[in-house]
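K.L.:
For reference, the file upload.cif (mmCIF, C-alpha atoms and all ligand atoms) is included below:
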```
data_final
loop_
_atom_site.label_atom_id
_atom_site.label_comp_id
_atom_site.auth_asym_id
_atom_site.auth_seq_id
_atom_site.Cartn_x
_atom_site.Cartn_y
_atom_site.Cartn_z
CA MET A 1 -25.78 107.53 -32.02
CA GLN A 2 -25.95 111.04 -33.39
CA ARG A 3 -29.19 112.74 -34.41
CA ALA A 4 -29.69 115.99 -36.25
CA TYR A 5 -32.72 118.29 -36.44
CA ARG A 6 -33.40 121.15 -38.80
CA ALA A 7 -35.87 123.66 -37.35
CA SER A 8 -36.00 127.12 -35.86
CA LEU A 9 -33.88 127.11 -32.70
CA LEU A 10 -34.15 129.02 -29.44
CA TRP A 11 -31.39 128.97 -26.81
CA PHE A 12 -29.13 131.15 -24.66
CA ALA A 13 -25.97 131.52 -26.72
CA GLU A 14 -24.35 133.67 -24.04
CA PRO A 15 -25.68 132.41 -20.71
CA ASP A 16 -23.48 134.81 -18.74
CA SER A 17 -25.52 137.61 -20.28
CA GLY A 18 -28.65 136.17 -18.65
CA PRO A 19 -31.90 136.70 -20.56
CA GLU A 20 -30.18 139.06 -22.98
CA GLY A 21 -28.01 136.20 -24.24
CA ILE A 22 -31.04 134.65 -25.95
CA ARG A 23 -30.68 133.68 -29.58
CA PHE A 24 -33.20 132.64 -32.22
CA GLU A 25 -32.07 130.94 -35.42
CA GLU A 26 -34.84 130.87 -38.00
CA ASP A 27 -33.28 128.02 -40.00
CA GLY A 28 -31.05 126.11 -37.61
CA LEU A 29 -29.35 122.77 -37.10
CA LEU A 30 -29.19 120.95 -33.76
CA VAL A 31 -26.91 117.91 -33.44
CA VAL A 32 -27.10 115.61 -30.42
CA GLY A 33 -25.01 112.57 -29.59
CA PRO A 34 -23.20 110.77 -26.77
CA ASP A 35 -20.46 112.38 -24.68
CA VAL A 36 -17.54 110.39 -23.24
CA HIS A 37 -19.82 109.00 -20.50
CA GLY A 38 -22.45 107.89 -23.00
CA GLN A 39 -24.82 110.69 -21.94
CA GLN A 40 -26.77 112.22 -24.84
CA VAL A 41 -25.75 115.86 -25.10
CA VAL A 42 -25.90 118.72 -27.57
CA GLN A 43 -22.90 118.51 -29.88
CA ALA A 44 -23.60 121.45 -32.14
CA ILE A 45 -26.15 124.23 -32.54
CA GLY A 46 -26.27 127.08 -35.01
CA SER A 47 -27.51 128.13 -38.41
CA TRP A 48 -28.23 125.48 -41.01
CA HIS A 49 -26.15 127.47 -43.44
CA ALA A 50 -23.07 127.42 -41.19
CA LEU A 51 -23.27 123.82 -39.94
CA SER A 52 -24.95 121.63 -42.56
CA ALA A 53 -21.81 120.91 -44.60
CA GLN A 54 -19.97 119.69 -41.51
CA TYR A 55 -22.75 117.23 -40.65
CA SER A 56 -23.73 116.23 -44.18
CA ARG A 57 -23.29 112.50 -43.43
CA LEU A 58 -26.07 112.61 -40.80
CA ALA A 59 -29.70 111.94 -41.63
CA VAL A 60 -31.48 115.15 -40.66
CA GLU A 61 -35.03 115.27 -39.35
CA HIS A 62 -36.58 118.36 -40.90
CA LEU A 63 -39.23 120.12 -38.82
CA PRO A 64 -40.39 123.02 -40.98
CA GLY A 65 -42.34 125.68 -39.12
CA ARG A 66 -41.38 124.23 -35.73
CA ILE A 67 -39.20 125.71 -32.95
CA ILE A 68 -36.81 123.60 -30.90
CA ALA A 69 -36.24 125.11 -27.44
CA PRO A 70 -34.70 123.95 -24.15
CA GLY A 71 -36.94 121.80 -21.96
CA PHE A 72 -38.43 123.75 -19.05
CA VAL A 73 -37.14 123.47 -15.48
CA ASP A 74 -39.78 123.46 -12.71
CA MET A 75 -38.08 124.46 -9.46
CA HIS A 76 -40.90 123.48 -7.11
CA VAL A 77 -43.79 121.07 -7.61
CA HIS A 78 -45.60 118.56 -5.39
CA PHE A 79 -46.10 115.20 -7.06
CA PRO A 80 -48.68 114.04 -4.46
CA GLN A 81 -50.78 117.17 -5.06
CA THR A 82 -51.65 116.46 -8.68
CA HIS A 83 -55.23 115.74 -7.62
CA VAL A 84 -55.33 118.79 -5.34
CA ILE A 85 -55.20 121.28 -8.24
CA GLY A 86 -58.19 123.58 -8.20
CA SER A 87 -59.31 122.94 -4.61
CA PRO A 88 -61.19 125.93 -3.17
CA ALA A 89 -59.89 127.19 0.19
CA ALA A 90 -59.69 130.41 2.15
CA GLY A 91 -55.88 130.38 2.23
CA LEU A 92 -52.79 128.27 2.74
CA LEU A 93 -53.52 126.75 6.15
CA PRO A 94 -57.16 125.67 5.49
CA TRP A 95 -56.09 124.46 2.04
CA LEU A 96 -53.48 122.19 3.66
CA GLU A 97 -55.90 120.89 6.26
CA ASN A 98 -58.93 120.28 4.06
CA TYR A 99 -57.40 119.02 0.82
CA THR A 100 -53.67 118.49 0.81
CA PHE A 101 -53.09 116.51 3.99
CA PRO A 102 -55.96 114.06 3.32
CA GLU A 103 -54.73 113.42 -0.24
CA GLU A 104 -51.10 112.96 0.80
CA GLN A 105 -52.15 110.28 3.29
CA ARG A 106 -53.17 108.08 0.37
CA PHE A 107 -49.52 107.85 -0.71
CA ALA A 108 -48.81 105.42 2.14
CA ASP A 109 -50.09 102.85 -0.38
CA PRO A 110 -47.22 102.07 -2.81
CA ALA A 111 -49.64 101.14 -5.60
CA TYR A 112 -51.42 104.49 -5.27
CA ALA A 113 -48.04 106.30 -5.27
CA ALA A 114 -46.82 104.40 -8.33
CA ASP A 115 -49.95 105.20 -10.32
CA ALA A 116 -49.76 108.88 -9.32
CA ALA A 117 -46.04 109.05 -10.19
CA THR A 118 -46.71 107.68 -13.67
CA PHE A 119 -49.41 110.26 -14.32
CA PHE A 120 -47.31 113.06 -12.80
CA VAL A 121 -44.26 112.40 -14.97
CA ASP A 122 -46.47 112.06 -18.07
CA GLU A 123 -48.01 115.42 -17.25
CA LEU A 124 -44.64 117.14 -16.79
CA LEU A 125 -43.39 115.82 -20.12
CA ARG A 126 -46.61 116.63 -21.97
CA ASN A 127 -46.15 120.22 -20.82
CA GLY A 128 -42.50 120.35 -21.84
CA VAL A 129 -41.01 120.18 -18.33
CA THR A 130 -37.88 118.05 -18.53
CA THR A 131 -36.32 118.77 -15.11
CA ALA A 132 -38.19 119.12 -11.81
CA LEU A 133 -37.43 119.60 -8.15
CA ALA A 134 -40.41 117.87 -6.56
CA PHE A 135 -41.85 117.19 -3.13
CA ALA A 136 -42.96 113.64 -2.34
CA THR A 137 -44.82 112.70 0.87
CA SER A 138 -43.59 111.57 4.28
CA HIS A 139 -43.67 107.95 3.09
CA SER A 140 -40.41 106.52 1.69
CA SER A 141 -42.45 104.51 -0.80
CA SER A 142 -43.65 107.74 -2.43
CA VAL A 143 -40.03 108.80 -3.00
CA ASP A 144 -39.18 105.40 -4.44
CA ALA A 145 -42.22 105.57 -6.72
CA LEU A 146 -41.28 108.94 -8.20
CA PHE A 147 -37.59 108.13 -8.61
CA ALA A 148 -38.45 104.83 -10.29
CA GLN A 149 -40.75 106.57 -12.78
CA ALA A 150 -38.19 109.27 -13.55
CA ARG A 151 -35.46 106.69 -14.04
CA ALA A 152 -37.70 104.71 -16.39
CA ARG A 153 -37.91 107.85 -18.58
CA HIS A 154 -34.21 108.64 -18.05
CA MET A 155 -35.33 112.02 -16.76
CA ARG A 156 -33.43 114.50 -14.58
CA LEU A 157 -35.49 114.76 -11.42
CA ILE A 158 -34.80 115.69 -7.80
CA THR A 159 -37.04 114.71 -4.89
CA GLY A 160 -36.90 113.62 -1.27
CA LEU A 161 -38.77 112.36 1.79
CA CYS A 162 -41.04 114.99 3.28
CA LEU A 163 -39.94 115.68 6.85
CA MET A 164 -42.80 116.49 9.23
CA ASP A 165 -42.95 115.21 12.76
CA ARG A 166 -45.60 117.50 14.27
CA HIS A 167 -48.65 119.68 13.51
CA ALA A 168 -50.19 117.48 10.83
CA PRO A 169 -52.56 114.47 10.84
CA ALA A 170 -50.94 111.48 12.57
CA ALA A 171 -51.06 109.39 9.40
CA LEU A 172 -48.89 111.96 7.64
CA LEU A 173 -46.23 112.37 10.29
CA ASN A 174 -42.88 110.57 10.05
CA GLN A 175 -43.17 107.47 12.23
CA PRO A 176 -40.77 106.42 15.01
CA GLY A 177 -38.63 103.32 14.42
CA GLN A 178 -37.50 100.63 16.81
CA GLY A 179 -35.66 102.58 19.48
CA THR A 180 -35.62 105.79 17.43
CA SER A 181 -37.83 108.87 17.62
CA ALA A 182 -39.80 109.99 14.57
CA ALA A 183 -37.22 112.73 14.01
CA GLU A 184 -34.28 110.31 14.15
CA GLN A 185 -36.06 107.73 12.01
CA SER A 186 -36.94 110.32 9.33
CA ILE A 187 -33.27 111.32 9.03
CA LEU A 188 -32.18 107.67 8.83
CA GLU A 189 -34.75 107.07 6.09
CA SER A 190 -33.60 110.20 4.24
CA GLU A 191 -30.00 109.00 4.36
CA ALA A 192 -31.00 105.55 3.10
CA LEU A 193 -32.83 107.21 0.20
CA ILE A 194 -29.78 109.38 -0.58
CA GLN A 195 -27.66 106.25 -0.79
CA ARG A 196 -30.24 104.45 -2.91
CA TRP A 197 -30.99 107.22 -5.40
CA HIS A 198 -28.72 110.28 -5.33
CA GLY A 199 -26.49 110.34 -8.42
CA GLN A 200 -28.12 107.25 -9.91
CA ASP A 201 -28.59 107.90 -13.61
CA ARG A 202 -29.86 111.51 -13.71
CA LEU A 203 -31.54 111.53 -10.31
CA GLY A 204 -30.76 113.78 -7.35
CA TYR A 205 -31.90 113.82 -3.74
CA ALA A 206 -33.29 116.80 -1.83
CA ILE A 207 -33.53 116.95 1.97
CA THR A 208 -37.12 118.10 2.33
CA PRO A 209 -38.47 119.65 5.54
CA ARG A 210 -42.04 120.55 4.56
CA PHE A 211 -41.79 123.89 6.35
CA ALA A 212 -40.44 124.83 9.75
CA PRO A 213 -43.80 124.69 11.63
CA THR A 214 -44.29 120.97 10.89
CA SER A 215 -40.84 119.95 12.17
CA THR A 216 -39.51 119.79 15.73
CA ASP A 217 -36.18 121.35 16.56
CA ALA A 218 -34.70 117.85 16.68
CA GLN A 219 -35.84 117.08 13.13
CA LEU A 220 -34.59 120.37 11.70
CA ARG A 221 -31.25 119.87 13.49
CA GLY A 222 -30.98 116.35 12.04
CA ALA A 223 -31.81 117.66 8.56
CA GLY A 224 -29.11 120.33 8.84
CA GLU A 225 -26.54 117.77 9.95
CA LEU A 226 -27.48 115.54 7.03
CA ALA A 227 -27.14 118.51 4.66
CA ALA A 228 -23.63 119.15 6.00
CA ARG A 229 -22.64 115.51 5.48
CA TYR A 230 -23.94 115.48 1.88
CA PRO A 231 -23.05 118.90 0.42
CA ASP A 232 -24.00 117.99 -3.15
CA VAL A 233 -27.51 116.94 -2.11
CA TRP A 234 -30.22 119.61 -2.50
CA ILE A 235 -32.44 121.08 0.23
CA GLN A 236 -36.01 122.16 -0.50
CA SER A 237 -38.65 123.75 1.69
CA HIS A 238 -41.13 126.63 1.91
CA VAL A 239 -40.73 130.06 3.47
CA ALA A 240 -42.58 133.36 3.88
CA GLU A 241 -45.57 132.40 1.74
CA ASN A 242 -48.37 133.67 3.88
CA LYS A 243 -48.67 136.02 6.84
CA ASP A 244 -50.50 133.55 9.11
CA GLU A 245 -47.82 130.96 8.39
CA ILE A 246 -45.08 133.48 9.22
CA ALA A 247 -46.75 134.42 12.52
CA TRP A 248 -46.99 130.71 13.39
CA ALA A 249 -43.33 130.08 12.54
CA ARG A 250 -42.23 133.08 14.59
CA GLU A 251 -44.20 131.78 17.58
CA LEU A 252 -42.65 128.32 17.30
CA PHE A 253 -39.07 129.52 16.80
CA PRO A 254 -38.87 132.77 18.77
CA LYS A 255 -35.08 132.67 19.11
CA SER A 256 -34.51 133.03 15.36
CA SER A 257 -34.35 136.56 13.99
CA SER A 258 -36.87 135.78 11.21
CA TYR A 259 -38.75 132.84 9.68
CA LEU A 260 -36.02 132.45 7.06
CA ALA A 261 -33.32 132.72 9.73
CA THR A 262 -34.87 129.67 11.43
CA TYR A 263 -33.62 127.56 8.53
CA ALA A 264 -30.20 129.19 8.72
CA ASP A 265 -30.05 128.46 12.45
CA PHE A 266 -30.50 124.75 11.73
CA GLY A 267 -27.92 124.62 8.92
CA LEU A 268 -30.51 124.51 6.15
CA LEU A 269 -29.44 127.55 4.13
CA ARG A 270 -26.58 126.86 1.77
CA GLU A 271 -25.77 126.39 -1.91
CA ARG A 272 -28.31 124.05 -3.52
CA SER A 273 -31.06 125.02 -1.10
CA VAL A 274 -34.29 126.03 -2.77
CA TYR A 275 -37.04 127.85 -0.90
CA ALA A 276 -40.48 128.17 -2.43
CA HIS A 277 -42.28 131.54 -2.33
CA CYS A 278 -39.97 133.97 -0.42
CA ILE A 279 -42.70 136.61 -0.64
CA HIS A 280 -42.76 138.44 2.68
CA PHE A 281 -39.03 139.18 3.07
CA ASP A 282 -37.16 142.18 4.39
CA ASP A 283 -33.68 143.16 3.27
CA ALA A 284 -32.06 141.17 6.08
CA ASP A 285 -33.77 138.04 4.72
CA ARG A 286 -32.72 138.90 1.17
CA ALA A 287 -29.12 139.37 2.29
CA LEU A 288 -29.27 136.02 4.09
CA MET A 289 -30.40 134.37 0.85
CA ARG A 290 -27.60 136.00 -1.11
CA GLU A 291 -24.86 135.26 1.42
CA SER A 292 -25.88 131.64 1.94
CA GLY A 293 -26.33 130.89 -1.77
CA ALA A 294 -29.94 129.80 -1.20
CA VAL A 295 -32.39 130.53 -4.03
CA ALA A 296 -36.10 131.22 -4.41
CA ALA A 297 -38.57 129.11 -6.37
CA ILE A 298 -41.09 131.75 -7.41
CA SER A 299 -44.53 130.16 -7.65
CA PRO A 300 -46.81 132.80 -9.16
CA THR A 301 -49.91 130.77 -10.06
CA SER A 302 -49.96 129.36 -6.54
CA ASN A 303 -49.40 132.75 -4.93
CA LEU A 304 -52.23 134.32 -6.95
CA PHE A 305 -54.55 131.34 -6.38
CA LEU A 306 -54.07 131.23 -2.60
CA GLY A 307 -53.89 135.01 -2.28
CA SER A 308 -50.46 134.71 -0.65
CA GLY A 309 -48.93 137.84 -2.17
CA PHE A 310 -46.53 138.98 -4.88
CA PHE A 311 -42.86 138.02 -5.10
CA ASP A 312 -40.79 141.21 -4.96
CA TYR A 313 -38.57 140.99 -8.04
CA ALA A 314 -37.14 144.47 -7.48
CA GLY A 315 -36.13 143.61 -3.92
CA ALA A 316 -34.53 140.34 -5.01
CA ASP A 317 -32.55 142.06 -7.75
CA ARG A 318 -31.55 144.97 -5.54
CA VAL A 319 -30.01 142.68 -2.93
CA GLY A 320 -29.00 140.06 -5.46
CA PHE A 321 -30.18 136.55 -4.63
CA GLY A 322 -30.96 133.82 -7.16
CA TYR A 323 -34.38 132.66 -8.28
CA GLY A 324 -36.35 130.84 -10.97
CA LEU A 325 -39.90 129.81 -11.73
CA ALA A 326 -42.02 126.99 -10.41
CA SER A 327 -45.54 125.63 -10.86
CA ASP A 328 -46.08 124.67 -7.20
CA VAL A 329 -48.82 122.26 -8.26
CA GLY A 330 -51.24 121.70 -6.48
CA GLY A 331 -51.32 125.17 -4.84
CA GLY A 332 -50.32 126.18 -8.35
CA THR A 333 -53.03 125.90 -10.97
CA SER A 334 -51.19 124.45 -13.95
CA PHE A 335 -48.33 122.22 -15.02
CA SER A 336 -47.86 124.48 -18.06
CA PRO A 337 -44.73 126.66 -17.97
CA PHE A 338 -46.59 129.11 -20.24
CA HIS A 339 -49.24 129.63 -17.58
CA THR A 340 -46.55 130.04 -14.93
CA MET A 341 -44.66 132.60 -17.01
CA LEU A 342 -47.87 134.55 -17.65
CA ALA A 343 -48.66 134.59 -13.93
CA ALA A 344 -45.10 135.79 -13.24
CA TYR A 345 -45.76 138.60 -15.69
CA TYR A 346 -48.84 139.61 -13.67
CA VAL A 347 -46.74 139.48 -10.50
CA GLY A 348 -44.06 141.63 -12.15
CA ARG A 349 -46.81 144.06 -13.20
CA GLU A 350 -47.79 144.47 -9.56
CA GLY A 351 -44.18 145.42 -8.83
CA HIS A 352 -44.17 147.67 -11.87
CA THR A 353 -46.73 150.00 -10.38
CA LYS A 354 -44.51 150.54 -7.35
CA THR A 355 -40.97 150.27 -8.63
CA GLY A 356 -40.91 150.67 -12.40
CA LEU A 357 -39.82 147.05 -12.92
CA SER A 358 -41.61 144.82 -15.38
CA LEU A 359 -40.60 141.49 -16.82
CA THR A 360 -39.76 141.04 -20.48
CA PRO A 361 -40.68 137.86 -22.37
CA ARG A 362 -37.04 136.82 -22.52
CA GLN A 363 -36.66 137.32 -18.75
CA LEU A 364 -39.69 135.12 -18.15
CA TRP A 365 -38.36 132.41 -20.48
CA TRP A 366 -34.91 132.55 -18.84
CA GLN A 367 -36.42 132.14 -15.38
CA HIS A 368 -38.05 128.88 -16.45
CA THR A 369 -35.08 127.43 -18.40
CA ALA A 370 -31.42 128.41 -18.13
CA GLY A 371 -32.00 130.77 -15.19
CA ALA A 372 -33.82 128.08 -13.20
CA ALA A 373 -31.04 125.60 -14.03
CA ARG A 374 -28.46 128.09 -12.78
CA ALA A 375 -30.43 128.60 -9.56
CA LEU A 376 -30.44 124.82 -9.04
CA GLY A 377 -26.69 124.58 -9.61
CA LEU A 378 -27.30 122.85 -12.96
CA ASP A 379 -25.90 125.60 -15.15
CA GLY A 380 -24.66 124.19 -18.44
CA VAL A 381 -26.31 120.85 -17.66
CA VAL A 382 -30.01 121.47 -18.40
CA GLY A 383 -32.22 124.41 -19.35
CA ASN A 384 -30.16 125.34 -22.41
CA LEU A 385 -28.95 123.90 -25.70
CA LEU A 386 -25.32 124.94 -25.72
CA PRO A 387 -22.88 122.18 -26.72
CA GLY A 388 -22.35 119.91 -23.71
CA CYS A 389 -25.83 120.45 -22.27
CA GLU A 390 -27.89 117.32 -21.79
CA ALA A 391 -30.16 116.83 -24.78
CA ASP A 392 -33.52 117.66 -23.19
CA PHE A 393 -35.60 119.77 -25.52
CA ILE A 394 -39.09 120.50 -26.77
CA VAL A 395 -40.56 121.02 -30.20
CA LEU A 396 -42.99 123.93 -30.22
CA ASN A 397 -45.73 124.32 -32.82
CA PRO A 398 -46.65 127.96 -33.44
CA GLN A 399 -49.77 126.74 -35.28
CA ALA A 400 -51.03 124.64 -32.36
CA THR A 401 -54.26 126.62 -32.01
CA PRO A 402 -56.06 128.90 -34.49
CA LEU A 403 -55.37 132.03 -32.45
CA LEU A 404 -51.72 131.15 -31.77
CA ALA A 405 -51.24 130.55 -35.53
CA ARG A 406 -52.73 133.94 -36.41
CA LYS A 407 -50.83 135.74 -33.71
CA THR A 408 -47.40 134.18 -34.34
CA ALA A 409 -47.72 134.83 -38.08
CA LEU A 410 -47.88 138.54 -37.28
CA CYS A 411 -44.90 138.64 -34.90
CA ALA A 412 -42.15 141.00 -36.00
CA SER A 413 -39.67 140.39 -33.17
CA LEU A 414 -38.42 137.60 -30.92
CA ASP A 415 -40.03 139.18 -27.84
CA GLU A 416 -43.38 139.27 -29.65
CA LEU A 417 -43.02 135.59 -30.57
CA LEU A 418 -42.07 134.54 -27.04
CA PHE A 419 -44.89 136.57 -25.55
CA SER A 420 -47.42 135.01 -27.92
CA PHE A 421 -46.51 131.58 -26.54
CA ILE A 422 -46.53 132.87 -22.94
CA VAL A 423 -49.98 134.43 -23.24
CA LEU A 424 -51.67 131.95 -25.61
CA GLY A 425 -49.68 128.75 -25.16
CA ASP A 426 -50.42 125.59 -23.17
CA ASP A 427 -49.67 121.86 -23.54
CA ARG A 428 -51.06 121.93 -27.10
CA ALA A 429 -48.11 124.08 -28.19
CA VAL A 430 -45.63 121.40 -27.05
CA GLU A 431 -45.64 118.98 -29.94
CA ARG A 432 -42.89 116.74 -28.66
CA THR A 433 -40.66 116.46 -25.58
CA VAL A 434 -37.27 114.84 -26.06
CA ILE A 435 -35.45 113.49 -23.00
CA ALA A 436 -31.73 112.81 -23.30
CA GLY A 437 -31.94 112.72 -27.06
CA ALA A 438 -34.55 109.94 -27.07
CA GLN A 439 -37.78 110.36 -29.01
ZN ZN B 1 -45.09 124.08 -2.36
#
```
Will you turn the file into structure tokens for me?
P.N.:
Amino acid sequence: MQRAYRASLLWFAEPDSGPEGIRFEEDGLLVVGPDVHGQQVVQAIGSWHALSAQYSRLAVEHLPGRIIAPGFVDMHVHFPQTHVIGSPAAGLLPWLENYTFPEEQRFADPAYAADAATFFVDELLRNGVTTALAFATSHSSSVDALFAQARARHMRLITGLCLMDRHAPAALLNQPGQGTSAAEQSILESEALIQRWHGQDRLGYAITPRFAPTSTDAQLRGAGELAARYPDVWIQSHVAENKDEIAWARELFPKSSSYLATYADFGLLRERSVYAHCIHFDDADRALMRESGAVAAISPTSNLFLGSGFFDYAGADRVGFGYGLASDVGGGTSFSPFHTMLAAYYVGREGHTKTGLSLTPRQLWWQHTAGAARALGLDGVVGNLLPGCEADFIVLNPQATPLLARKTALCASLDELLFSFIVLGDDRAVERTVIAGAQ
């Protein structure tokens, strides 16, 4: 069935132009309907004036004063850390030990995981996030719980079994099977999950080593071999977040030329591999990212919260590797893409003082929508509203709060409007989230 919406529209009309291809149509028409596979996609987008005659037989939902925009893409978030948000800690390693590891142990209970998955997906959608690449825990049941919830909403979501067979509490380590080591068993379980979930409906699987220090060589080798056997499956992990973590990784893998190179040495850097943070890189690391096709999930609220450092946008652009934005809940402090974009602006400001680079509102928005989709290899699938894109979108209300209403009424340019949402917006600004054309 086709649906049509009349509202202001925001999208990237020329995605090859990156953030500069952004377009705002004050009085627009968006038409969604099934493609040949029955998937709800955008069929037309443009000005009401240009398109309305062509679609005059459709009942049009009129949303005066509202803005329809692409759903946000969160490139890195931990579903089992929803309750860990806002936990005080001296830095990454004590934060893991005191809060994150104890909470993740609770996900061994399928009922606990199912309840958390329901809340997590609700929270993503309430904040306008329609696609996420998420960590689960080291329990297969946590992966099943999140996939089941996402499928129930018909949502595009990627997750995978967390691989960790050392240096964490015993209850959180992958367990050995009958006649198999923990490393072997974790790879067998990952493969079973790929076969159960990858490509089902809109779901995708990600091979998920937590980070190199919590995996043995055998587990990382197994993960790399699995990644080679399933090239369209994603890989997700963490790298170069914190200096203590880097020192630890260098001690554990002294043969690799850098922490990032450790992943390359085990076959874990390729297209569709997404590394959170990527803060403390040198140009050799940046070149390795570019040459392998791996991308960074920049997690600014988390990096500011844990004092990890500032992602070097200028360095990334100079060498030319891909990236997009991520909440990194629960090291991150908010599910809201507006909060993440504002934090990325602060991070860009830090770079600005050294390099002259700062981030424009349209760059920030791109990094959390079409740019993030491109980094994930989902260009033209999500994160935009061009014809053929899956019909995931949000309805924004510029009058959601008294201050946002006053501010947006005064905006004289698109960048001013976008920045008003970035600075003042939160879940209240997202009036509705539409997944695959469904209300
Ligand atoms: Zn993370």
K.L.:
Ligand ZN 1 (chain B): which residues are within 8 Å, counting only C-alpha atoms and all ligand atoms? Reply as a PyMOL selection string.
P.N.:
chain A and resi 76-78+135+237-238+276-277+328-331
K.L.:
Could those selected residues go to a file with C-alpha atoms, as an mmCIF file, in the frame of the given file?
P.N.:
```cif
data_model
loop_
_atom_site.group_PDB
_atom_site.id
_atom_site.type_symbol
_atom_site.label_atom_id
_atom_site.label_comp_id
_atom_site.auth_asym_id
_atom_site.auth_seq_id
_atom_site.Cartn_x
_atom_site.Cartn_y
_atom_site.Cartn_z
ATOM 1 C CA HIS A 76 -40.900 123.480 -7.110
ATOM 2 C CA VAL A 77 -43.790 121.070 -7.610
ATOM 3 C CA HIS A 78 -45.600 118.560 -5.390
ATOM 4 C CA PHE A 135 -41.850 117.190 -3.130
ATOM 5 C CA SER A 237 -38.650 123.750 1.690
ATOM 6 C CA HIS A 238 -41.130 126.630 1.910
ATOM 7 C CA ALA A 276 -40.480 128.170 -2.430
ATOM 8 C CA HIS A 277 -42.280 131.540 -2.330
ATOM 9 C CA ASP A 328 -46.080 124.670 -7.200
ATOM 10 C CA VAL A 329 -48.820 122.260 -8.260
ATOM 11 C CA GLY A 330 -51.240 121.700 -6.480
ATOM 12 C CA GLY A 331 -51.320 125.170 -4.840
#
```
K.L.:
Just the residues within 12 Å of Gly18 (chain A), please, counting all atoms listed in the file, with nothing from its chain fewer than 3 positions along; format it as a list in words.
P.N.:
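So, after excluding close chain neighbours, the residues are Trp11, Phe12, Ala13, Glu14, Pro15, Gly21, Ile22, Arg23, Gly322, Arg362, Gln363, Leu364, Trp365, Trp366, Gln367, Thr369, Ala370, Gly371, Ala372, Ala373, Arg374, Ala375, Asp379 and Asn384 of chain A.
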K.L.:
Write out as a ChimeraX atom specification the residues lying within 8 Å of region 136-152 of chain A, counting only C-alpha atoms and excluding same-chain residues fewer than 5 positions away.
P.N.:
/A:78-80,104,107-110,113-114,117-118,121,157,159-164,172-174,189,193,197,201-203
K.L.:
Region 261-275 of chain A: which residues within 7 Å, counting all atoms listed in the file, same-chain residues fewer than 5 positions away excluded, as a PyMOL selection string?
P.N.:
chain A and resi 220-221+224+234-239+253+256+292-297+376-377
K.L.:
For a test of reading the model, state the distance in Å between CA of Leu418 (chain A) and CA of His339 (chain A), rounded to one decimal.
P.N.:
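For CA of Leu418 (chain A) relative to CA of His339 (chain A), the distance reads 12.8 Å.
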K.L.:
In Å, rounded to a single decimal, give me how far CA of Asn127 (chain A) is from CA of Asp427 (chain A).
P.N.:
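Going from CA of Asp427 (chain A) over to CA of Asn127 (chain A) covers 4.7 Å.
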K.L.:
Have a look at CA of Gly179 (chain A) and CA of Ala218 (chain A) and let me know their distance in Å, one decimal.
P.N.:
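Computing it gives 15.6 Å between the two atoms.
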K.L.:
Name the closest residue to Lys243 (chain A) among the candidates A:Thr301, A:Ala111, A:Gly91, A:Gly383; distances are taken between atoms, counting all atoms listed in the file.
P.N.:
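Nearest candidate to Lys243 (chain A) out of A:Thr301, A:Ala111, A:Gly91, A:Gly383: A:Gly91.
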K.L.:
Excluding Val381 (chain A) and residues on its chain fewer than 3 positions from it, collect all residues at most 6 Å away from it, counting all atoms listed in the file, and give them as a list in words.
P.N.:
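The contact residues come out as Leu378, Cys389 and Glu390 of chain A.
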K.L.:
Let me make sure I understand: among A:Ala240, A:Val423, A:Ala391, A:Ile68, which one has the smallest atom-to-atom distance to Pro34 (chain A) if we use only C-alpha atoms?
P.N.:
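Of A:Ala240, A:Val423, A:Ala391, A:Ile68, the one nearest Pro34 (chain A) is A:Ala391, counting only C-alpha atoms.
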K.L.:
Could you give me, as a VMD selection string, the residues within 10 Å of region 43-48 of chain A, counting all atoms listed in the file and dropping anything in the same chain fewer than 5 positions from it?
P.N.:
chain A and resid 2 to 11 13 23 to 35 53 55 385 to 391
K.L.:
What would the file look like if the residues just selected were written as a compact mmCIF listing (two decimals), in the coordinates of the input with C-alpha atoms?
P.N.:
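Output (result-v6.txt):
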```txt
# COMPACT_ATOMS: atom_id res chain seq x y z
CA GLN A 2 -25.95 111.04 -33.39
CA ARG A 3 -29.19 112.74 -34.41
CA ALA A 4 -29.69 115.99 -36.25
CA TYR A 5 -32.72 118.29 -36.44
CA ARG A 6 -33.40 121.15 -38.80
CA ALA A 7 -35.87 123.66 -37.35
CA SER A 8 -36.00 127.12 -35.86
CA LEU A 9 -33.88 127.11 -32.70
CA LEU A 10 -34.15 129.02 -29.44
CA TRP A 11 -31.39 128.97 -26.81
CA ALA A 13 -25.97 131.52 -26.72
CA ARG A 23 -30.68 133.68 -29.58
CA PHE A 24 -33.20 132.64 -32.22
CA GLU A 25 -32.07 130.94 -35.42
CA GLU A 26 -34.84 130.87 -38.00
CA ASP A 27 -33.28 128.02 -40.00
CA GLY A 28 -31.05 126.11 -37.61
CA LEU A 29 -29.35 122.77 -37.10
CA LEU A 30 -29.19 120.95 -33.76
CA VAL A 31 -26.91 117.91 -33.44
CA VAL A 32 -27.10 115.61 -30.42
CA GLY A 33 -25.01 112.57 -29.59
CA PRO A 34 -23.20 110.77 -26.77
CA ASP A 35 -20.46 112.38 -24.68
CA ALA A 53 -21.81 120.91 -44.60
CA TYR A 55 -22.75 117.23 -40.65
CA LEU A 385 -28.95 123.90 -25.70
CA LEU A 386 -25.32 124.94 -25.72
CA PRO A 387 -22.88 122.18 -26.72
CA GLY A 388 -22.35 119.91 -23.71
CA CYS A 389 -25.83 120.45 -22.27
CA GLU A 390 -27.89 117.32 -21.79
CA ALA A 391 -30.16 116.83 -24.78
```
